[in-house]
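Okay, my_file-v7.csv is below, CSV, C-alpha atoms:
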chain,number,residue,atom,x,y,z
C,1,MET,CA,-13.3,-15.1,-2.7
C,2,ILE,CA,-11.4,-17.6,-4.7
C,3,VAL,CA,-14.5,-18.4,-6.8
C,4,HIS,CA,-14.8,-14.7,-7.8
C,5,VAL,CA,-11.1,-14.7,-8.8
C,6,TYR,CA,-11.5,-17.9,-10.8
C,7,ARG,CA,-14.6,-16.7,-12.7
C,8,ARG,CA,-12.9,-13.4,-13.7
C,9,ALA,CA,-9.8,-15.3,-14.9
C,10,ALA,CA,-11.9,-17.8,-16.8
C,11,SER,CA,-13.7,-14.9,-18.6
C,12,THR,CA,-10.4,-13.5,-20.0
C,13,PRO,CA,-10.1,-13.8,-23.8
C,14,GLY,CA,-7.1,-15.9,-24.9
C,15,VAL,CA,-6.8,-17.9,-21.7
C,16,ASP,CA,-6.8,-21.6,-22.5
C,17,ALA,CA,-7.1,-22.9,-19.0
C,18,VAL,CA,-7.5,-21.7,-15.4
C,19,ILE,CA,-6.1,-23.8,-12.6
C,20,VAL,CA,-6.1,-22.9,-8.9
C,21,ALA,CA,-2.9,-23.9,-7.2
C,22,THR,CA,-3.3,-24.3,-3.5
C,23,ASP,CA,-2.1,-26.4,-0.5
C,24,ASP,CA,-5.6,-26.1,1.2
C,25,GLU,CA,-8.1,-28.8,0.5
C,26,ARG,CA,-11.0,-26.4,1.4
C,27,VAL,CA,-10.0,-24.2,-1.5
C,28,VAL,CA,-9.9,-27.2,-3.8
C,29,ARG,CA,-13.4,-28.2,-2.8
C,30,ALA,CA,-14.7,-24.6,-3.3
C,31,VAL,CA,-13.3,-24.4,-6.8
C,32,GLU,CA,-14.5,-27.8,-7.8
C,33,ALA,CA,-18.0,-27.1,-6.5
C,34,CYS,CA,-18.3,-24.2,-8.9
C,35,GLY,CA,-17.1,-26.4,-11.8
C,36,GLY,CA,-13.5,-25.2,-11.8
C,37,ARG,CA,-10.2,-27.0,-11.8
C,38,ALA,CA,-7.8,-27.0,-8.8
C,39,CYS,CA,-4.5,-28.6,-8.1
C,40,LEU,CA,-3.3,-29.5,-4.6
C,41,THR,CA,0.4,-28.6,-4.2
C,42,SER,CA,3.1,-28.9,-1.6
C,43,SER,CA,2.8,-26.9,1.5
C,44,ALA,CA,6.5,-26.2,1.6
C,45,HIS,CA,6.6,-23.5,-1.0
C,46,ARG,CA,8.1,-20.2,0.0
C,47,THR,CA,6.0,-18.0,-2.4
C,48,GLY,CA,3.1,-18.1,-4.8
C,49,THR,CA,5.5,-18.1,-7.7
C,50,ASP,CA,7.0,-21.4,-6.4
C,51,ARG,CA,3.5,-22.9,-6.1
C,52,VAL,CA,2.6,-21.9,-9.6
C,53,ALA,CA,5.9,-23.3,-10.9
C,54,GLU,CA,5.0,-26.7,-9.4
C,55,VAL,CA,1.8,-26.8,-11.5
C,56,ALA,CA,3.5,-25.3,-14.6
C,57,ALA,CA,6.1,-28.0,-14.6
C,58,SER,CA,3.5,-30.5,-15.8
C,59,LEU,CA,1.8,-28.2,-18.4
C,60,ASP,CA,2.5,-28.0,-22.1
C,61,CYS,CA,2.2,-24.2,-22.7
C,62,GLU,CA,4.3,-21.2,-23.6
C,63,ILE,CA,2.9,-18.5,-21.2
C,64,VAL,CA,1.8,-18.9,-17.6
C,65,ILE,CA,-0.2,-16.2,-15.7
C,66,ASN,CA,0.1,-16.0,-11.9
C,67,LEU,CA,-3.0,-14.3,-10.4
C,68,GLN,CA,-3.2,-14.2,-6.7
C,69,GLY,CA,-6.3,-15.5,-5.0
C,70,ASP,CA,-6.9,-12.3,-2.9
C,71,GLU,CA,-7.8,-10.2,-6.0
C,72,PRO,CA,-11.6,-10.8,-6.3
C,73,LEU,CA,-12.1,-7.5,-8.2
C,74,ILE,CA,-9.5,-8.2,-10.9
C,75,HIS,CA,-10.8,-7.1,-14.3
C,76,PRO,CA,-10.2,-9.6,-17.2
C,77,GLU,CA,-8.7,-6.8,-19.2
C,78,MET,CA,-5.9,-6.5,-16.6
C,79,ILE,CA,-5.1,-10.1,-17.2
C,80,HIS,CA,-5.1,-9.6,-21.0
C,81,ALA,CA,-2.8,-6.5,-20.5
C,82,THR,CA,-0.4,-8.8,-18.7
C,83,ILE,CA,-0.4,-11.4,-21.5
C,84,GLU,CA,-0.2,-9.0,-24.5
C,85,PRO,CA,3.4,-7.9,-24.0
C,86,LEU,CA,4.6,-11.5,-23.9
C,87,LEU,CA,2.8,-12.2,-27.2
C,88,ARG,CA,4.1,-9.0,-28.8
C,89,ASP,CA,7.8,-9.3,-27.7
C,90,SER,CA,9.4,-12.7,-27.7
C,91,SER,CA,12.4,-11.4,-25.8
C,92,LEU,CA,10.4,-10.6,-22.7
C,93,GLU,CA,10.5,-13.3,-20.0
C,94,MET,CA,8.1,-11.7,-17.4
C,95,SER,CA,5.4,-9.1,-17.3
C,96,THR,CA,3.1,-7.5,-14.8
C,97,VAL,CA,0.5,-4.6,-14.7
C,98,CYS,CA,0.2,-1.2,-12.9
C,99,ARG,CA,-2.0,1.9,-13.0
C,100,ALA,CA,-1.6,5.5,-12.0
C,101,ILE,CA,-2.1,6.4,-8.3
C,102,THR,CA,-4.7,9.0,-7.8
C,103,GLU,CA,-5.1,8.9,-4.0
C,104,HIS,CA,-2.4,10.0,-1.6
C,105,ASP,CA,-3.5,7.4,0.9
C,106,ASP,CA,-2.7,4.7,-1.7
C,107,TYR,CA,0.7,6.2,-2.1
C,108,MET,CA,1.4,6.0,1.6
C,109,ASN,CA,-0.3,2.6,2.3
C,110,PRO,CA,2.4,-0.2,2.8
C,111,ASN,CA,-0.2,-2.8,1.7
C,112,ILE,CA,-0.3,-1.2,-1.7
C,113,VAL,CA,2.9,-1.9,-3.7
C,114,LYS,CA,4.4,0.9,-5.8
C,115,VAL,CA,6.5,0.4,-8.9
C,116,VAL,CA,8.8,2.8,-10.8
C,117,ARG,CA,9.3,2.2,-14.5
C,118,ASP,CA,12.0,3.2,-17.0
C,119,ALA,CA,11.3,4.9,-20.3
C,120,ARG,CA,10.6,1.5,-22.0
C,121,GLY,CA,8.2,0.4,-19.4
C,122,MET,CA,10.5,-1.9,-17.6
C,123,ALA,CA,10.2,-2.1,-13.8
C,124,LEU,CA,13.1,-0.5,-11.9
C,125,TYR,CA,12.0,-1.3,-8.4
C,126,PHE,CA,8.9,-2.3,-6.4
C,127,SER,CA,8.3,-1.2,-2.8
C,128,ARG,CA,5.8,-1.0,-0.1
C,129,SER,CA,7.3,2.4,0.7
C,130,PRO,CA,6.1,5.6,-1.2
C,131,ILE,CA,8.5,5.6,-4.2
C,132,PRO,CA,9.8,7.7,-5.8
C,133,HIS,CA,10.5,10.3,-3.1
C,134,VAL,CA,9.3,13.5,-4.7
C,135,ARG,CA,11.4,16.6,-4.2
C,136,GLY,CA,10.9,18.2,-7.6
C,137,PRO,CA,8.1,18.0,-10.2
C,138,ARG,CA,5.8,15.1,-9.4
C,139,PRO,CA,6.0,12.2,-11.9
C,140,THR,CA,3.3,9.7,-12.5
C,141,LEU,CA,3.1,7.4,-9.5
C,142,TRP,CA,2.3,3.7,-10.2
C,143,LYS,CA,0.3,1.2,-8.2
C,144,HIS,CA,1.3,-2.4,-8.8
C,145,PHE,CA,-1.1,-5.4,-8.8
C,146,GLY,CA,-0.3,-9.0,-7.8
C,147,LEU,CA,-0.6,-10.3,-11.4
C,148,TYR,CA,2.3,-11.8,-13.3
C,149,GLY,CA,3.0,-13.3,-16.7
C,150,TYR,CA,5.9,-15.6,-17.4
C,151,ARG,CA,7.4,-17.6,-20.1
C,152,ARG,CA,7.0,-21.1,-18.8
C,153,ALA,CA,10.7,-21.9,-19.1
C,154,PHE,CA,11.6,-18.7,-17.2
C,155,LEU,CA,9.1,-19.5,-14.4
C,156,LEU,CA,10.7,-22.9,-13.9
C,157,THR,CA,14.2,-21.2,-13.7
C,158,LEU,CA,12.9,-18.5,-11.3
C,159,SER,CA,11.6,-21.1,-8.9
C,160,THR,CA,15.2,-22.5,-8.5
C,161,LEU,CA,16.8,-19.1,-7.7
C,162,ALA,CA,17.8,-18.3,-4.2
C,163,SER,CA,15.7,-15.8,-2.2
C,164,THR,CA,17.3,-12.4,-2.1
C,165,PRO,CA,17.8,-9.7,0.6
C,166,LEU,CA,15.4,-7.1,-0.9
C,167,GLU,CA,12.8,-9.8,-1.5
C,168,GLN,CA,13.0,-10.8,2.1
C,169,ALA,CA,13.1,-7.2,3.4
C,170,GLU,CA,10.0,-6.0,1.5
C,171,SER,CA,8.3,-9.4,1.4
C,172,LEU,CA,7.9,-9.0,-2.4
C,173,GLU,CA,8.8,-12.0,-4.5
C,174,GLN,CA,9.1,-10.0,-7.7
C,175,LEU,CA,12.2,-8.4,-6.3
C,176,ARG,CA,14.0,-11.8,-6.6
C,177,VAL,CA,13.6,-11.4,-10.4
C,178,LEU,CA,15.3,-7.9,-10.4
C,179,GLU,CA,18.0,-8.8,-7.9
C,180,HIS,CA,19.0,-11.7,-10.1
C,181,GLY,CA,19.3,-9.4,-13.1
C,182,TYR,CA,16.2,-10.3,-15.0
C,183,ARG,CA,13.6,-7.8,-16.4
C,184,ILE,CA,9.9,-7.3,-15.8
C,185,TYR,CA,7.8,-5.3,-18.2
C,186,ALA,CA,5.1,-3.3,-16.3
C,187,ALA,CA,2.1,-2.8,-18.6
C,188,LEU,CA,-0.4,-0.1,-17.9
C,189,THR,CA,-4.1,-0.4,-17.2
C,190,GLU,CA,-6.9,2.0,-16.4
C,191,HIS,CA,-8.7,-0.6,-14.3
C,192,ASP,CA,-8.3,-0.9,-10.5
C,193,SER,CA,-8.5,-3.8,-8.0
C,194,ILE,CA,-8.2,-4.3,-4.3
C,195,GLY,CA,-6.0,-7.0,-2.8
C,196,VAL,CA,-7.5,-8.3,0.4
C,197,ASP,CA,-4.7,-7.9,2.9
C,198,THR,CA,-6.7,-6.7,6.0
C,199,PRO,CA,-10.3,-7.2,7.4
C,200,GLU,CA,-11.0,-3.6,6.3
C,201,ASP,CA,-10.1,-4.6,2.7
C,202,LEU,CA,-12.4,-7.6,2.9
C,203,ASP,CA,-15.3,-5.4,4.1
C,204,ARG,CA,-14.7,-2.9,1.3
C,205,VAL,CA,-14.6,-5.7,-1.3
C,206,ARG,CA,-17.8,-7.2,0.0
C,207,ARG,CA,-19.6,-3.8,-0.2
C,208,LEU,CA,-18.4,-3.3,-3.8
C,209,ILE,CA,-19.4,-6.8,-4.9
C,210,GLY,CA,-22.7,-6.4,-3.2
C,211,ALA,CA,-23.3,-3.0,-4.9
C,212,HIS,CA,-22.3,-4.5,-8.3
C,213,SER,CA,-24.7,-7.4,-7.9
C,214,ARG,CA,-27.6,-5.1,-6.9
C,215,HIS,CA,-26.8,-2.9,-9.9
C,216,GLU,CA,-26.9,-5.9,-12.3
C,217,ALA,CA,-30.2,-7.1,-10.8
C,218,ALA,CA,-31.7,-3.7,-11.2
C,219,ASN,CA,-30.9,-3.7,-14.9
C,220,VAL,CA,-32.5,-7.1,-15.6
C,221,GLY,CA,-36.1,-6.8,-16.8
C,222,PRO,CA,-38.9,-9.3,-16.1
C,223,GLY,CA,-38.6,-10.7,-19.5
C,224,ASP,CA,-34.8,-11.3,-19.0
C,225,ARG,CA,-35.5,-13.1,-15.7
C,226,ALA,CA,-37.9,-15.5,-17.4
C,227,HIS,CA,-34.9,-16.8,-19.4
C,228,THR,CA,-32.5,-17.2,-16.5
Do you think you could lay out the structure here as structure tokens?
Amino acid sequence: MIVHVYRRAASTPGVDAVIVATDDERVVRAVEACGGRACLTSSAHRTGTDRVAEVAASLDCEIVINLQGDEPLIHPEMIHATIEPLLRDSSLEMSTVCRAITEHDDYMNPNIVKVVRDARGMALYFSRSPIPHVRGPRPTLWKHFGLYGYRRAFLLTLSTLASTPLEQAESLEQLRVLEHGYRIYAALTEHDSIGVDTPEDLDRVRRLIGAHSRHEAANVGPGDRAHT
């Protein structure tokens, strides 16, 4: 799974380097076997944000992207959509990405995080619960993905902040940002992805990757195969 995520991240235009941060030597070996770069970090980190911050502390860069390793179907354009607001607006410290919810089951699924946005696109709240509760005309409902962009300096500050009650209650680390009074821009995307949280998610992802591989093979002619 991590190799799929790595390759999609590496194919994103404008990304200078992709580093897998992990406390598992098996993941390091898998990434290095495919020619990638991995960094073995402390096993004491509370969240993925803290793990990424450990690696970012030694980097010379302006923007850091945190892509979770359980998103093997992430589209490179989703990563670019997370980077672009930070390039466009120097006052932004953090960004993420979301898309419209089209399936009621996704709205009700606690493994799919929902986000509500203000008129400027800033996140108001994230929840595993179905938010907002709709009593009047139904607004657009937004599905959030585990993909974050940070100013490097802000990421290092964020890793020093105390965990917060809503973060702990929802088990959503981005709520630490909002509870401490910082902003998160939620960019829009038309692409979708599946975070692997359950065995059922894993089976679904395997089927989709297998179907995609078969489709690509069916569109490669004999002459193309000769040049592989």
Q | Residue among C:Arg26, C:His4, C:Arg128, C:Arg117 lying closest to Ala169 (chain C), counting only C-alpha atoms | A |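 Looking at the shortest contact to Ala169 (chain C), the residue is C:Arg128.
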(Q) Using all atoms listed in the file, which protein or nucleic acid residues come within 10 Å of Ala57 (chain C)? Drop anything in the same chain fewer than 2 positions from it, and give the result as a list in words. (A) Val52, Ala53, Glu54, Val55, Leu59, Asp60, Cys61, Arg152, Ala153, Leu155 and Leu156 of chain C
Q: Using only C-alpha atoms, pick whichever of C:Leu86, C:His80, C:Ile2, C:Ser95 has the shortest atom-to-atom distance to Ala33 (chain C).
A: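 Residue with the minimum atom-to-atom distance to Ala33 (chain C): C:Ile2.
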Q: In Å, rounded to a single decimal, give me how far CA of Phe154 (chain C) is from CA of Val18 (chain C).
A: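 If I compute the distance from CA of Val18 (chain C) to CA of Phe154 (chain C), I get 19.4 Å.
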Q) So what do you get for CA of Ala123 (chain C) versus CA of Ser159 (chain C), distance-wise? A) 19.7 Å
Q | Top pick for closest residue to Glu77 (chain C), considering C:Met108, C:Pro13, C:Phe145, C:Tyr150 and counting all atoms listed in the file | A |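 Comparing C:Met108, C:Pro13, C:Phe145, C:Tyr150 against Glu77 (chain C), the winner is C:Pro13.
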Q | Pairwise distance for CA of Ser90 (chain C) and CA of His45 (chain C), rounded to one decimal in Å | A | 28.9 Å
Q | Residues near Val116 (chain C), cut-off 8 Å, all atoms listed in the file, skip fewer than 5 positions along chain, as a list in words | A | Ala123, Leu124, Tyr125, Phe126, Ile131, Pro132, Leu141 and Trp142 of chain C
Q: Excluding Leu92 (chain C) and any residue of its chain fewer than 3 positions from it, enumerate the residues within 12 Å of it, using all atoms listed in the file, and give them as a list in words.
A: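 After dropping sequence-adjacent residues, the list is Ile63, Thr82, Ile83, Glu84, Pro85, Leu86, Leu87, Arg88, Asp89, Ser95, Thr96, Gly121, Met122, Gly149, Tyr150, Arg151, Arg152, Ala153, Phe154, Tyr182, Arg183, Ile184, Tyr185 and Ala186 of chain C.
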Q.
Counting only C-alpha atoms, which residue out of C:Leu67, C:Ala100, C:Gly35, C:Ser193 sits closest to Ala21 (chain C)?
A.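 That would be C:Leu67, the residue with the smallest distance to Ala21 (chain C).
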Q: Measuring atom to atom with all atoms listed in the file, identify which of C:Arg46, C:Glu190, C:Arg120, C:Leu73 is nearest to Ser163 (chain C).
A: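 The shortest atom-to-atom distance to Ser163 (chain C) comes from C:Arg46.
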Q | Protein, DNA and RNA residues within 7 Å of (-3.5, -12.3, -10.2), only C-alpha atoms, as number ranges by chain | A | C: 66-69, 71, 146-148
Any chance you could export the current selection's C-alpha atoms as a tab-separated table (two decimals), in the coordinates of the input?
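Output contents, as saved in result10.tsv:
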chain	number	residue	atom	x	y	z
C	66	ASN	CA	0.10	-16.00	-11.90
C	67	LEU	CA	-3.00	-14.30	-10.40
C	68	GLN	CA	-3.20	-14.20	-6.70
C	69	GLY	CA	-6.30	-15.50	-5.00
C	71	GLU	CA	-7.80	-10.20	-6.00
C	146	GLY	CA	-0.30	-9.00	-7.80
C	147	LEU	CA	-0.60	-10.30	-11.40
C	148	TYR	CA	2.30	-11.80	-13.30
Q) Taking all atoms listed in the file into account, which of C:Val177, C:Ala187, C:Ile194, C:Val27 comes nearest Ala81 (chain C)? A)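 Going through C:Val177, C:Ala187, C:Ile194, C:Val27 one by one, the smallest distance to Ala81 (chain C) is for C:Ala187.
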